[in-house]
$ cat entry-v3.csv   # CSV, C-alpha atoms
chain,number,residue,atom,x,y,z
Y,1,MET,CA,-20.5,59.3,25.1
Y,2,ILE,CA,-19.3,61.4,22.3
Y,3,ASP,CA,-15.6,62.3,22.1
Y,4,LYS,CA,-15.6,66.1,21.7
Y,5,ASN,CA,-12.1,65.9,20.1
Y,6,GLN,CA,-13.6,64.2,17.1
Y,7,THR,CA,-15.0,66.2,14.2
Y,8,CYS,CA,-17.9,65.7,11.8
Y,9,GLY,CA,-15.7,65.2,8.8
Y,10,THR,CA,-13.5,62.8,7.0
Y,11,GLY,CA,-10.2,61.6,8.3
Y,12,GLN,CA,-8.8,59.6,11.2
Y,13,ASP,CA,-10.5,61.6,14.0
Y,14,SER,CA,-13.9,61.8,12.2
Y,15,MET,CA,-16.9,60.3,14.0
Y,16,PRO,CA,-19.7,58.1,12.5
Y,17,SER,CA,-22.6,59.9,10.8
Y,18,MET,CA,-25.2,59.1,13.5
Y,19,THR,CA,-22.9,60.2,16.3
Y,20,CYS,CA,-22.1,63.3,14.4
Y,21,LEU,CA,-25.8,64.1,14.0
Y,22,ILE,CA,-26.4,63.6,17.7
Y,23,HIS,CA,-23.5,66.0,18.4
Y,24,VAL,CA,-25.0,68.6,16.1
Y,25,LEU,CA,-28.4,68.3,17.8
Y,26,GLU,CA,-26.8,68.6,21.2
Y,27,GLU,CA,-25.2,71.9,20.2
Y,28,TRP,CA,-28.4,73.1,18.4
Y,29,PHE,CA,-30.8,72.4,21.3
Y,30,GLY,CA,-28.3,73.1,24.1
Y,31,VAL,CA,-28.9,69.6,25.5
Y,32,GLU,CA,-26.3,67.3,26.9
Y,33,GLN,CA,-26.2,63.5,26.9
Y,34,LEU,CA,-28.6,63.3,24.0
Y,35,GLU,CA,-26.9,60.1,22.9
Y,36,ASP,CA,-28.2,58.4,26.1
Y,37,TYR,CA,-31.7,59.3,25.2
Y,38,TRP,CA,-31.2,58.0,21.7
Y,39,ASN,CA,-29.8,54.7,22.9
Y,40,PHE,CA,-32.9,54.4,25.2
Y,41,ALA,CA,-35.3,55.1,22.4
Y,42,ASN,CA,-33.5,52.6,20.2
Y,43,TYR,CA,-33.8,50.0,22.9
Y,44,LEU,CA,-37.6,50.6,23.2
Y,45,LEU,CA,-37.9,50.3,19.4
Y,46,TRP,CA,-36.2,46.9,19.4
Y,47,VAL,CA,-38.4,45.8,22.3
Y,48,PHE,CA,-41.8,46.9,21.0
Y,49,THR,CA,-41.4,46.5,17.3
Y,50,PRO,CA,-41.9,42.6,17.4
Y,51,LEU,CA,-44.9,43.1,19.6
Y,52,ILE,CA,-46.5,45.6,17.2
Y,53,LEU,CA,-45.8,43.3,14.2
Y,54,LEU,CA,-47.6,40.5,16.0
Y,55,ILE,CA,-50.6,42.7,17.0
Y,56,LEU,CA,-51.2,44.3,13.6
Y,57,PRO,CA,-52.6,41.2,11.9
Y,58,TYR,CA,-55.3,41.0,14.5
Y,59,PHE,CA,-56.3,44.6,13.6
Y,60,THR,CA,-57.9,43.0,10.5
Y,61,ILE,CA,-59.9,40.8,12.8
Y,62,PHE,CA,-60.9,43.9,14.7
Y,63,LEU,CA,-62.1,45.5,11.5
Y,64,LEU,CA,-64.1,42.4,10.7
Y,65,TYR,CA,-65.8,42.5,14.1
Y,66,LEU,CA,-66.6,46.2,13.6
Y,67,THR,CA,-68.2,45.2,10.3
Y,68,ILE,CA,-70.3,42.6,12.1
Y,69,ILE,CA,-71.4,45.1,14.7
Y,70,PHE,CA,-72.5,47.4,11.9
Y,71,LEU,CA,-74.5,44.6,10.3
Y,72,HIS,CA,-76.3,43.8,13.6
Y,73,ILE,CA,-77.2,47.5,14.0
Y,74,TYR,CA,-78.4,47.6,10.4
Y,75,LYS,CA,-80.4,44.5,10.8
Y,76,ARG,CA,-82.2,45.8,13.9
Y,77,LYS,CA,-83.0,49.1,12.3
Y,78,ASN,CA,-84.4,47.5,9.1
Y,79,VAL,CA,-86.2,44.5,10.6
Y,80,LEU,CA,-89.6,45.7,9.5
Y,81,LYS,CA,-88.4,46.1,5.9
Y,82,GLU,CA,-87.4,42.5,5.7
Y,83,ALA,CA,-90.9,41.3,5.1
Y,84,TYR,CA,-91.3,43.6,2.1
Y,85,SER,CA,-87.9,43.7,0.5
Y,86,HIS,CA,-85.8,41.0,-1.3
Y,87,ASN,CA,-82.8,43.3,-1.2
Y,88,LEU,CA,-82.6,44.0,2.6
Y,89,TRP,CA,-78.8,43.8,2.8
Y,90,ASP,CA,-78.0,45.8,-0.3
Y,91,GLY,CA,-77.6,49.0,1.7
Y,92,ALA,CA,-75.3,47.3,4.2
Y,93,ARG,CA,-73.2,45.7,1.5
Y,94,LYS,CA,-72.7,49.1,-0.2
Y,95,THR,CA,-71.7,50.7,3.1
Y,96,VAL,CA,-69.3,47.9,4.0
Y,97,ALA,CA,-67.8,47.7,0.5
Y,98,THR,CA,-67.2,51.4,0.5
Y,99,LEU,CA,-65.5,51.3,3.9
Y,100,TRP,CA,-63.3,48.4,3.0
Y,101,ASP,CA,-62.4,50.0,-0.4
Y,102,GLY,CA,-61.4,53.1,1.4
Y,103,HIS,CA,-59.3,51.1,3.8
Y,104,ALA,CA,-57.6,49.5,0.8
Y,105,ALA,CA,-56.9,52.9,-0.8
Y,106,VAL,CA,-55.3,54.3,2.3
Y,107,TRP,CA,-53.4,51.2,3.6
Y,108,HIS,CA,-52.4,49.6,0.3
Y,109,GLY,CA,-52.7,52.2,-2.3
Y,110,LYS,CA,-50.0,54.3,-4.1
Y,111,ASP,CA,-48.7,57.3,-2.1
Y,112,SER,CA,-52.2,57.7,-0.5
Y,113,TRP,CA,-50.8,58.7,2.9
Y,114,VAL,CA,-48.8,61.5,1.4
Y,115,ARG,CA,-51.6,62.8,-0.7
Y,116,LEU,CA,-54.1,62.6,2.1
Y,117,LEU,CA,-51.9,64.7,4.4
Y,118,SER,CA,-50.8,67.2,1.8
Y,119,SER,CA,-54.0,67.9,0.0
Y,120,ASN,CA,-57.7,68.6,0.5
Y,121,GLU,CA,-58.7,65.8,-1.8
Y,122,ALA,CA,-61.2,63.2,-0.5
Y,123,LEU,CA,-60.4,59.6,-0.9
Y,124,PRO,CA,-62.5,58.2,-3.8
Y,125,VAL,CA,-64.8,55.2,-3.5
Y,126,THR,CA,-63.2,53.7,-6.6
Y,127,ALA,CA,-59.8,53.5,-8.0
Y,128,GLY,CA,-58.8,55.8,-10.8
Y,129,GLY,CA,-58.5,59.6,-11.4
Y,130,PRO,CA,-55.6,61.3,-9.6
Y,131,TRP,CA,-55.6,58.7,-6.9
Y,132,THR,CA,-54.1,55.2,-7.3
Y,133,GLY,CA,-55.5,53.0,-4.6
Y,134,TYR,CA,-55.7,49.2,-4.3
Y,135,GLU,CA,-55.7,48.0,-8.0
Y,136,VAL,CA,-57.6,45.2,-9.8
Y,137,HIS,CA,-56.2,44.6,-13.3
Y,138,GLY,CA,-58.4,42.6,-15.7
Y,139,MET,CA,-61.8,43.4,-14.3
Y,140,GLU,CA,-63.2,43.3,-17.8
Y,141,LYS,CA,-62.4,39.6,-18.0
Y,142,ILE,CA,-65.2,38.9,-15.6
Y,143,PRO,CA,-68.3,37.9,-17.7
Y,144,GLU,CA,-71.8,39.2,-17.1
Y,145,GLY,CA,-72.8,35.6,-16.4
Y,146,PRO,CA,-71.4,33.0,-14.0
Y,147,ALA,CA,-67.7,32.2,-13.6
Y,148,LEU,CA,-65.5,30.4,-11.1
Y,149,ILE,CA,-62.6,32.5,-9.7
Y,150,ILE,CA,-59.6,30.5,-8.5
Y,151,PHE,CA,-57.2,32.5,-6.3
Y,152,TYR,CA,-53.9,32.1,-4.5
Y,153,HIS,CA,-54.5,32.2,-0.7
Y,154,GLY,CA,-52.3,34.7,1.3
Y,155,ALA,CA,-51.6,34.3,5.0
Y,156,ILE,CA,-54.6,36.5,5.6
Y,157,PRO,CA,-56.8,36.8,2.4
Y,158,ILE,CA,-57.4,40.5,2.9
Y,159,ASP,CA,-56.9,40.9,-0.8
Y,160,PHE,CA,-60.1,38.9,-1.4
Y,161,TYR,CA,-62.0,41.2,1.0
Y,162,TYR,CA,-60.9,44.2,-1.1
Y,163,PHE,CA,-61.7,42.3,-4.3
Y,164,MET,CA,-65.2,41.6,-3.1
Y,165,ALA,CA,-65.7,45.3,-2.4
Y,166,LYS,CA,-64.5,46.3,-5.9
Y,167,ILE,CA,-66.8,43.7,-7.6
Y,168,PHE,CA,-69.8,45.0,-5.6
Y,169,ILE,CA,-68.9,48.7,-6.3
Y,170,HIS,CA,-68.0,48.4,-10.0
Y,171,LYS,CA,-70.4,45.7,-11.1
Y,172,GLY,CA,-73.1,45.6,-8.4
Y,173,ARG,CA,-72.5,41.8,-8.0
Y,174,THR,CA,-71.8,39.7,-4.9
Y,175,CYS,CA,-69.0,37.2,-5.4
Y,176,ARG,CA,-69.8,34.1,-3.4
Y,177,VAL,CA,-66.8,32.3,-1.8
Y,178,VAL,CA,-66.1,28.9,-0.4
Y,179,ALA,CA,-64.7,29.3,3.1
Y,180,ASP,CA,-63.0,26.8,5.4
Y,181,HIS,CA,-65.2,25.0,7.9
Y,182,PHE,CA,-63.3,26.6,10.9
Y,183,VAL,CA,-64.4,30.1,9.8
Y,184,PHE,CA,-68.0,29.2,10.4
Y,185,LYS,CA,-67.1,28.3,14.0
Y,186,ILE,CA,-65.6,31.7,14.8
Y,187,PRO,CA,-67.9,33.4,17.4
Y,188,GLY,CA,-70.0,36.2,15.8
Y,189,PHE,CA,-69.0,35.5,12.2
Y,190,SER,CA,-72.3,33.8,11.2
Y,191,LEU,CA,-74.1,37.1,10.2
Y,192,LEU,CA,-71.1,38.4,8.2
Y,193,LEU,CA,-70.7,35.1,6.3
Y,194,ASP,CA,-74.4,35.0,5.6
Y,195,VAL,CA,-74.6,38.6,4.3
Y,196,PHE,CA,-71.6,38.1,2.0
Y,197,CYS,CA,-72.8,34.7,0.8
Y,198,ALA,CA,-69.9,32.6,2.1
Y,199,ILE,CA,-70.4,28.8,2.0
Y,200,HIS,CA,-68.4,25.7,2.9
Y,201,GLY,CA,-69.6,23.5,0.1
Y,202,PRO,CA,-70.5,20.8,-0.7
Y,203,ARG,CA,-69.8,20.5,-4.5
Y,204,GLU,CA,-73.5,20.3,-5.4
Y,205,LYS,CA,-74.1,23.6,-3.7
Y,206,CYS,CA,-71.2,25.2,-5.6
Y,207,VAL,CA,-72.6,23.9,-8.9
Y,208,GLU,CA,-76.1,25.2,-8.0
Y,209,ILE,CA,-74.7,28.7,-7.3
Y,210,LEU,CA,-72.9,28.9,-10.7
Y,211,ARG,CA,-75.9,27.5,-12.6
Y,212,SER,CA,-78.0,30.3,-11.0
Y,213,GLY,CA,-75.7,32.9,-12.8
Y,214,HIS,CA,-73.5,34.0,-9.8
Y,215,LEU,CA,-69.8,34.4,-9.4
Y,216,LEU,CA,-68.1,31.9,-7.1
Y,217,ALA,CA,-64.5,32.1,-5.7
Y,218,ILE,CA,-62.5,29.2,-4.4
Y,219,SER,CA,-58.9,28.9,-3.2
Y,220,PRO,CA,-57.9,25.3,-3.7
Y,221,GLY,CA,-55.0,25.7,-1.3
Y,222,GLY,CA,-57.2,27.1,1.4
Y,223,VAL,CA,-55.9,27.4,5.0
Y,224,ARG,CA,-53.0,25.0,4.3
Y,225,GLU,CA,-51.7,27.3,1.6
Y,226,ALA,CA,-52.2,30.3,3.9
Y,227,LEU,CA,-50.0,28.7,6.6
Y,228,ILE,CA,-47.4,26.7,4.7
Y,229,SER,CA,-46.7,28.9,1.6
Y,230,ASP,CA,-44.2,31.7,2.1
Y,231,GLU,CA,-42.4,34.6,0.3
Y,232,THR,CA,-41.4,32.1,-2.5
Y,233,TYR,CA,-45.2,32.0,-3.3
Y,234,ASN,CA,-45.2,28.2,-3.8
Y,235,ILE,CA,-48.7,26.9,-4.7
Y,236,VAL,CA,-49.9,24.3,-2.1
Y,237,TRP,CA,-52.9,22.6,-3.8
Y,238,GLY,CA,-51.9,19.0,-3.4
Y,239,ASN,CA,-54.1,16.8,-5.6
Y,240,ARG,CA,-57.2,18.9,-5.2
Y,241,LYS,CA,-59.4,18.8,-8.3
Y,242,GLY,CA,-62.9,19.2,-6.9
Y,243,PHE,CA,-63.0,22.9,-8.0
Y,244,ALA,CA,-62.3,21.8,-11.6
Y,245,GLN,CA,-65.2,19.3,-11.5
Y,246,VAL,CA,-67.5,22.1,-10.2
Y,247,ALA,CA,-66.6,24.2,-13.3
Y,248,ILE,CA,-67.1,21.2,-15.6
Y,249,ASP,CA,-70.5,20.3,-14.1
Y,250,ALA,CA,-71.7,23.9,-14.1
Y,251,LYS,CA,-70.2,24.5,-17.6
Y,252,VAL,CA,-68.6,27.8,-16.6
Y,253,PRO,CA,-65.2,29.4,-17.3
Y,254,ILE,CA,-62.4,29.5,-14.7
Y,255,ILE,CA,-60.7,32.9,-14.0
Y,256,PRO,CA,-57.3,32.7,-12.3
Y,257,MET,CA,-56.5,35.4,-9.8
Y,258,PHE,CA,-53.4,36.5,-7.9
Y,259,THR,CA,-52.5,39.5,-5.8
Y,260,GLN,CA,-49.0,40.9,-6.0
Y,261,ASN,CA,-47.2,41.3,-2.6
Y,262,ILE,CA,-50.0,39.6,-0.6
Y,263,ARG,CA,-47.3,37.6,1.3
Y,264,GLU,CA,-45.4,40.8,2.1
Y,265,GLY,CA,-48.5,42.3,3.8
Y,266,PHE,CA,-48.8,39.4,6.2
Y,267,ARG,CA,-46.4,36.5,7.0
Y,268,SER,CA,-47.2,33.2,8.7
Y,269,LEU,CA,-45.0,31.0,10.8
Y,270,GLY,CA,-47.1,28.0,9.9
Y,271,GLY,CA,-44.4,26.4,7.8
Y,272,THR,CA,-42.5,25.2,10.9
Y,273,ARG,CA,-42.9,21.5,11.7
Y,274,LEU,CA,-44.8,22.1,15.0
Y,275,PHE,CA,-47.5,24.3,13.5
Y,276,ARG,CA,-47.9,22.1,10.4
Y,277,TRP,CA,-48.5,19.1,12.7
Y,278,LEU,CA,-51.0,21.1,14.7
Y,279,TYR,CA,-53.0,22.0,11.6
Y,280,GLU,CA,-53.0,18.5,10.2
Y,281,LYS,CA,-54.1,17.1,13.5
Y,282,PHE,CA,-56.8,19.6,14.5
Y,283,ARG,CA,-57.6,21.4,11.2
Y,284,TYR,CA,-57.3,24.8,13.0
Y,285,PRO,CA,-54.7,27.5,12.0
Y,286,PHE,CA,-52.8,27.7,15.3
Y,287,ALA,CA,-49.8,29.3,13.7
Y,288,PRO,CA,-49.0,32.9,14.7
Y,289,MET,CA,-48.8,35.6,12.1
Y,290,TYR,CA,-47.1,39.0,11.9
Y,291,GLY,CA,-47.2,41.9,9.6
Y,292,GLY,CA,-50.0,44.2,8.6
Y,293,PHE,CA,-47.5,46.1,6.5
Y,294,PRO,CA,-49.0,48.8,4.2
Y,295,VAL,CA,-47.5,47.3,1.1
Y,296,LYS,CA,-48.7,48.0,-2.4
Y,297,LEU,CA,-51.3,45.4,-3.5
Y,298,ARG,CA,-52.3,44.7,-7.1
Y,299,THR,CA,-54.8,42.0,-8.0
Y,300,TYR,CA,-54.4,40.4,-11.4
Y,301,LEU,CA,-57.1,38.4,-13.2
Y,302,GLY,CA,-55.8,36.1,-15.9
Y,303,ASP,CA,-57.5,35.1,-19.2
Y,304,PRO,CA,-60.6,33.0,-18.6
Y,305,ILE,CA,-60.2,29.2,-19.2
Y,306,PRO,CA,-63.3,28.4,-21.2
Y,307,TYR,CA,-65.5,25.4,-20.5
Y,308,ASP,CA,-64.4,22.4,-22.6
Y,309,PRO,CA,-66.6,19.2,-22.4
Y,310,LYS,CA,-63.6,17.1,-23.6
Y,311,ILE,CA,-61.3,18.0,-20.7
Y,312,THR,CA,-61.1,16.0,-17.5
Y,313,ALA,CA,-61.1,17.4,-14.0
Y,314,GLU,CA,-57.4,16.4,-13.5
Y,315,GLU,CA,-56.4,18.2,-16.7
Y,316,LEU,CA,-58.4,21.3,-15.9
Y,317,ALA,CA,-57.0,21.5,-12.4
Y,318,GLU,CA,-53.5,21.3,-13.8
Y,319,LYS,CA,-54.3,23.9,-16.4
Y,320,THR,CA,-55.7,26.3,-13.8
Y,321,LYS,CA,-52.7,25.8,-11.5
Y,322,ASP,CA,-50.4,26.6,-14.5
Y,323,ALA,CA,-52.4,29.8,-15.1
Y,324,VAL,CA,-52.1,31.0,-11.5
Y,325,GLN,CA,-48.4,30.2,-11.5
Y,326,ALA,CA,-48.0,32.2,-14.7
Y,327,LEU,CA,-49.6,35.2,-12.9
Y,328,ILE,CA,-47.1,34.8,-10.0
Y,329,ASP,CA,-44.1,34.5,-12.4
Y,330,LYS,CA,-45.2,37.5,-14.3
Y,331,HIS,CA,-46.1,39.9,-11.5
Y,332,GLN,CA,-44.3,38.8,-8.4
Y,333,ARG,CA,-40.7,39.3,-7.2
Y,334,ILE,CA,-39.4,36.0,-6.0
Y,335,PRO,CA,-38.6,35.8,-3.2
Y,336,GLY,CA,-40.9,38.5,-1.9
Y,337,ASN,CA,-39.3,41.5,-0.2
Y,338,ILE,CA,-41.2,43.6,2.3
Y,339,MET,CA,-39.1,46.8,1.9
Y,340,SER,CA,-39.5,46.7,-1.9
Y,341,ALA,CA,-43.2,46.1,-1.6
Y,342,LEU,CA,-43.5,49.1,0.7
Y,343,LEU,CA,-41.5,51.3,-1.7
Y,344,GLU,CA,-43.9,50.4,-4.6
Y,345,ARG,CA,-46.5,52.6,-2.9
Y,346,PHE,CA,-44.5,55.7,-4.0
Y,347,HIS,CA,-43.6,54.8,-7.6
Y,348,ASN,CA,-44.9,52.8,-10.5
Y,349,LYS,CA,-42.3,50.0,-10.3
Y,350,GLN,CA,-43.7,46.6,-11.2
Y,351,LYS,CA,-42.0,43.3,-11.8
Y,352,ILE,CA,-40.4,43.4,-15.3
Y,353,ASP,CA,-41.2,40.4,-17.4

$ encode --input "entry-v3.csv" --output "structure tokens"
Amino acid sequence: MIDKNQTCGTGQDSMPSMTCLIHVLEEWFGVEQLEDYWNFANYLLWVFTPLILLILPYFTIFLLYLTIIFLHIYKRKNVLKEAYSHNLWDGARKTVATLWDGHAAVWHGKDSWVRLLSSNEALPVTAGGPWTGYEVHGMEKIPEGPALIIFYHGAIPIDFYYFMAKIFIHKGRTCRVVADHFVFKIPGFSLLLDVFCAIHGPREKCVEILRSGHLLAISPGGVREALISDETYNIVWGNRKGFAQVAIDAKVPIIPMFTQNIREGFRSLGGTRLFRWLYEKFRYPFAPMYGGFPVKLRTYLGDPIPYDPKITAEELAEKTKDAVQALIDKHQRIPGNIMSALLERFHNKQKID
């Protein structure tokens, strides 16, 4: 309890600032034993905060299933048009892209909560104007023709979901993506993966997609990088060079991609020995995750690495890895800090070169 003989000032008998604040509130509201209520609320905060942090990552899964439900409804309402239209899913893709872009603007944009609550402005579909939502820097580096996008894999690749939405909204193109085999075994995901053109390989299929003029995205680190990498943003590619051979066979440029603060949005416990062993044994991401923090996200696209018939797959893979690492070094605070990433929502602070 508070010692009433102490004063809210400086000196030997002064009380701590929080205790002083409680004392002032007791006198203001005419309530006694407010400190007991504060201690109880503080206890509840410590109990439930870890639970909330463990639940938030699965809110993203919930949003994905809401998207799947929408796609099923859309499919049933448009089943008769399927026989007459080659673009049956364009309307659904536009709707989903708009919804996910709006989610990115609110949850990971600059000061969007404050502006949303303090003004009558509507959230825009695209970035720009007075609003600064989730940002993609270097969109002009994506060619009109085919290209292979190579990106760093966060604990949850929510940045790539947002990136796909931006590409569809700004350029009217669908960016195909190579997903891990386990994703195709998740109940209910088949329609979502089909509508947004996700594939699990093989290499010949990737080359075919690129030769057809499409964009294709691959994360060489994949699930292993998602689980094992951490706030130090170490690249976990091993000796993988298949993606480089795909680019060489298809004769397309490689565009490196990295999203600032992606590891501060979601954190994985997969780096521990037990969870690493479980993944290597069963090839499923058993590791728990926590986070869902509304940090500022900025996606950066590096300069394209042009097709060179004289370069080998090993050399191209190493060159691409260096390009992604350069983006990390330039734009990411190492080690990543969740509080700093949260504060970046409210000012223009970026990593200084």

$ atom_distance --input "entry-v3.csv" --atom1 "atom CA of Arg240 of chain Y" --atom2 "atom CA of Glu314 of chain Y"
8.7 Å

$ atom_distance --input "entry-v3.csv" --atom1 "atom CA of Tyr300 of chain Y" --atom2 "atom CA of Leu66 of chain Y"
28.4 Å

$ residues_around --input "entry-v3.csv" --residues "segment 235-238 of chain Y" --least-positions-apart "6" --cutoff "7 Å" --atoms "all atoms listed in the file" --output "short mmCIF file (atom, residue, chain, number, x, y, z; two decimals) with C-alpha atoms, keeping the file's coordinate frame"
data_model
loop_
_atom_site.label_atom_id
_atom_site.label_comp_id
_atom_site.auth_asym_id
_atom_site.auth_seq_id
_atom_site.Cartn_x
_atom_site.Cartn_y
_atom_site.Cartn_z
CA PRO Y 220 -57.90 25.30 -3.70
CA GLY Y 221 -55.00 25.70 -1.30
CA GLU Y 225 -51.70 27.30 1.60
CA SER Y 229 -46.70 28.90 1.60
#

$ residues_around --input "entry-v3.csv" --residues "Ser219 of chain Y" --least-positions-apart "3" --cutoff "7 Å" --atoms "all atoms listed in the file" --output "PyMOL selection string"
chain Y and resi 150-153+222

$ atom_distance --input "entry-v3.csv" --atom1 "atom CA of Met339 of chain Y" --atom2 "atom CA of Gly154 of chain Y"
17.9 Å

$ residues_near_point --input "entry-v3.csv" --point "(-71.4, 43.7, -5.5)" --cutoff "12 Å" --atoms "only C-alpha atoms" --output "PyMOL selection string"
chain Y and resi 89-98+161-176+195-197+214-215

$ write_last_selection --input "entry-v3.csv" --atoms "C-alpha atoms" --output "CSV table (one decimal), in the coordinates of the input"
chain,number,residue,atom,x,y,z
Y,89,TRP,CA,-78.8,43.8,2.8
Y,90,ASP,CA,-78.0,45.8,-0.3
Y,91,GLY,CA,-77.6,49.0,1.7
Y,92,ALA,CA,-75.3,47.3,4.2
Y,93,ARG,CA,-73.2,45.7,1.5
Y,94,LYS,CA,-72.7,49.1,-0.2
Y,95,THR,CA,-71.7,50.7,3.1
Y,96,VAL,CA,-69.3,47.9,4.0
Y,97,ALA,CA,-67.8,47.7,0.5
Y,98,THR,CA,-67.2,51.4,0.5
Y,161,TYR,CA,-62.0,41.2,1.0
Y,162,TYR,CA,-60.9,44.2,-1.1
Y,163,PHE,CA,-61.7,42.3,-4.3
Y,164,MET,CA,-65.2,41.6,-3.1
Y,165,ALA,CA,-65.7,45.3,-2.4
Y,166,LYS,CA,-64.5,46.3,-5.9
Y,167,ILE,CA,-66.8,43.7,-7.6
Y,168,PHE,CA,-69.8,45.0,-5.6
Y,169,ILE,CA,-68.9,48.7,-6.3
Y,170,HIS,CA,-68.0,48.4,-10.0
Y,171,LYS,CA,-70.4,45.7,-11.1
Y,172,GLY,CA,-73.1,45.6,-8.4
Y,173,ARG,CA,-72.5,41.8,-8.0
Y,174,THR,CA,-71.8,39.7,-4.9
Y,175,CYS,CA,-69.0,37.2,-5.4
Y,176,ARG,CA,-69.8,34.1,-3.4
Y,195,VAL,CA,-74.6,38.6,4.3
Y,196,PHE,CA,-71.6,38.1,2.0
Y,197,CYS,CA,-72.8,34.7,0.8
Y,214,HIS,CA,-73.5,34.0,-9.8
Y,215,LEU,CA,-69.8,34.4,-9.4

$ residues_around --input "entry-v3.csv" --residues "Ile149 of chain Y" --least-positions-apart "3" --cutoff "9 Å" --atoms "all atoms listed in the file" --output "PyMOL selection string"
chain Y and resi 177+215-219+253-257+301

$ closest_atom_pairs --input "entry-v3.csv" --of "segment 121-213 of chain Y" --to "segment 274-294 of chain Y" --cutoff "10 Å" --atoms "only C-alpha atoms" --output "Markdown table"
| residue | atom | partner | partner_atom | distance |
| --- | --- | --- | --- | --- |
| Y:Ala155 | CA | Y:Met289 | CA | 7.7 |
| Y:Ile156 | CA | Y:Met289 | CA | 8.8 |
| Y:Asp180 | CA | Y:Arg283 | CA | 9.6 |
| Y:His181 | CA | Y:Arg283 | CA | 9.0 |
| Y:Phe182 | CA | Y:Tyr284 | CA | 6.6 |
| Y:Val183 | CA | Y:Tyr284 | CA | 9.4 |

$ residues_around --input "entry-v3.csv" --residues "Leu193 of chain Y" --least-positions-apart "4" --cutoff "9 Å" --atoms "all atoms listed in the file" --output "PyMOL selection string"
chain Y and resi 179+183-184+189+197-199

$ write_last_selection --input "entry-v3.csv" --atoms "C-alpha atoms" --output "short mmCIF file (atom, residue, chain, number, x, y, z; two decimals), in the coordinates of the input"
data_model
loop_
_atom_site.label_atom_id
_atom_site.label_comp_id
_atom_site.auth_asym_id
_atom_site.auth_seq_id
_atom_site.Cartn_x
_atom_site.Cartn_y
_atom_site.Cartn_z
CA ALA Y 179 -64.70 29.30 3.10
CA VAL Y 183 -64.40 30.10 9.80
CA PHE Y 184 -68.00 29.20 10.40
CA PHE Y 189 -69.00 35.50 12.20
CA CYS Y 197 -72.80 34.70 0.80
CA ALA Y 198 -69.90 32.60 2.10
CA ILE Y 199 -70.40 28.80 2.00
#
